[in-house]
Amino acid sequence: MIYPSIDNLLDKIDSKYTLVIASAKRARAIKDEGRLLIAEPKSKKYVGMALEEIEQGELTLVGE
């Protein structure tokens with residue numbers, strides 16, 4: 001099973017394209033800065049961590 005679920009993520013962000021762009025940008029920021037917005041991520045990969053931040057509502061998009 002994939003975590004976090006795509007259905008849960010699309011409740012937060014309305015477009016798969018926007019979700020991909022936002023998670024990729026956030027993954028790069030996590031890699032460069034090393035700072036997370038969540039306490040204990042389940043994922044060990046940067047994109048997974050970014051998706052977990054989106055699912056938990058810690059990362060939002062400006063303009064939505």
# chains A, B, ... in the order shown; residues from 1 in each chain; ligands from 1
$ residues_around --residues "range 20-35 of chain A" --least-positions-apart "2" --cutoff "8 Å" --atoms "only C-alpha atoms" --output "list in words"
Lys16, Tyr17, Thr18, Leu37, Tyr46, Val47, Met49, Ala50, Leu51, Ile54 and Leu61 of chain A
$ residues_around --residues "Glu53 in chain A" --least-positions-apart "6" --cutoff "9 Å" --atoms "only C-alpha atoms" --output "ChimeraX atom specification"
/A:36-38,41,59-60
$ closest_residue --among "A:Asp14, A:Leu9, A:Leu19, A:Pro4" --to "Gly48 in chain A" --atoms "only C-alpha atoms"
A:Pro4
$ atom_distance --atom1 "CA of Ser5 in chain A" --atom2 "CA of Gly57 in chain A"
13.9 Å
$ select_by_dssp --residues "chain A" --states "alpha helix (DSSP H)" --output "ChimeraX atom specification"
/A:6-12,16-33,46-55
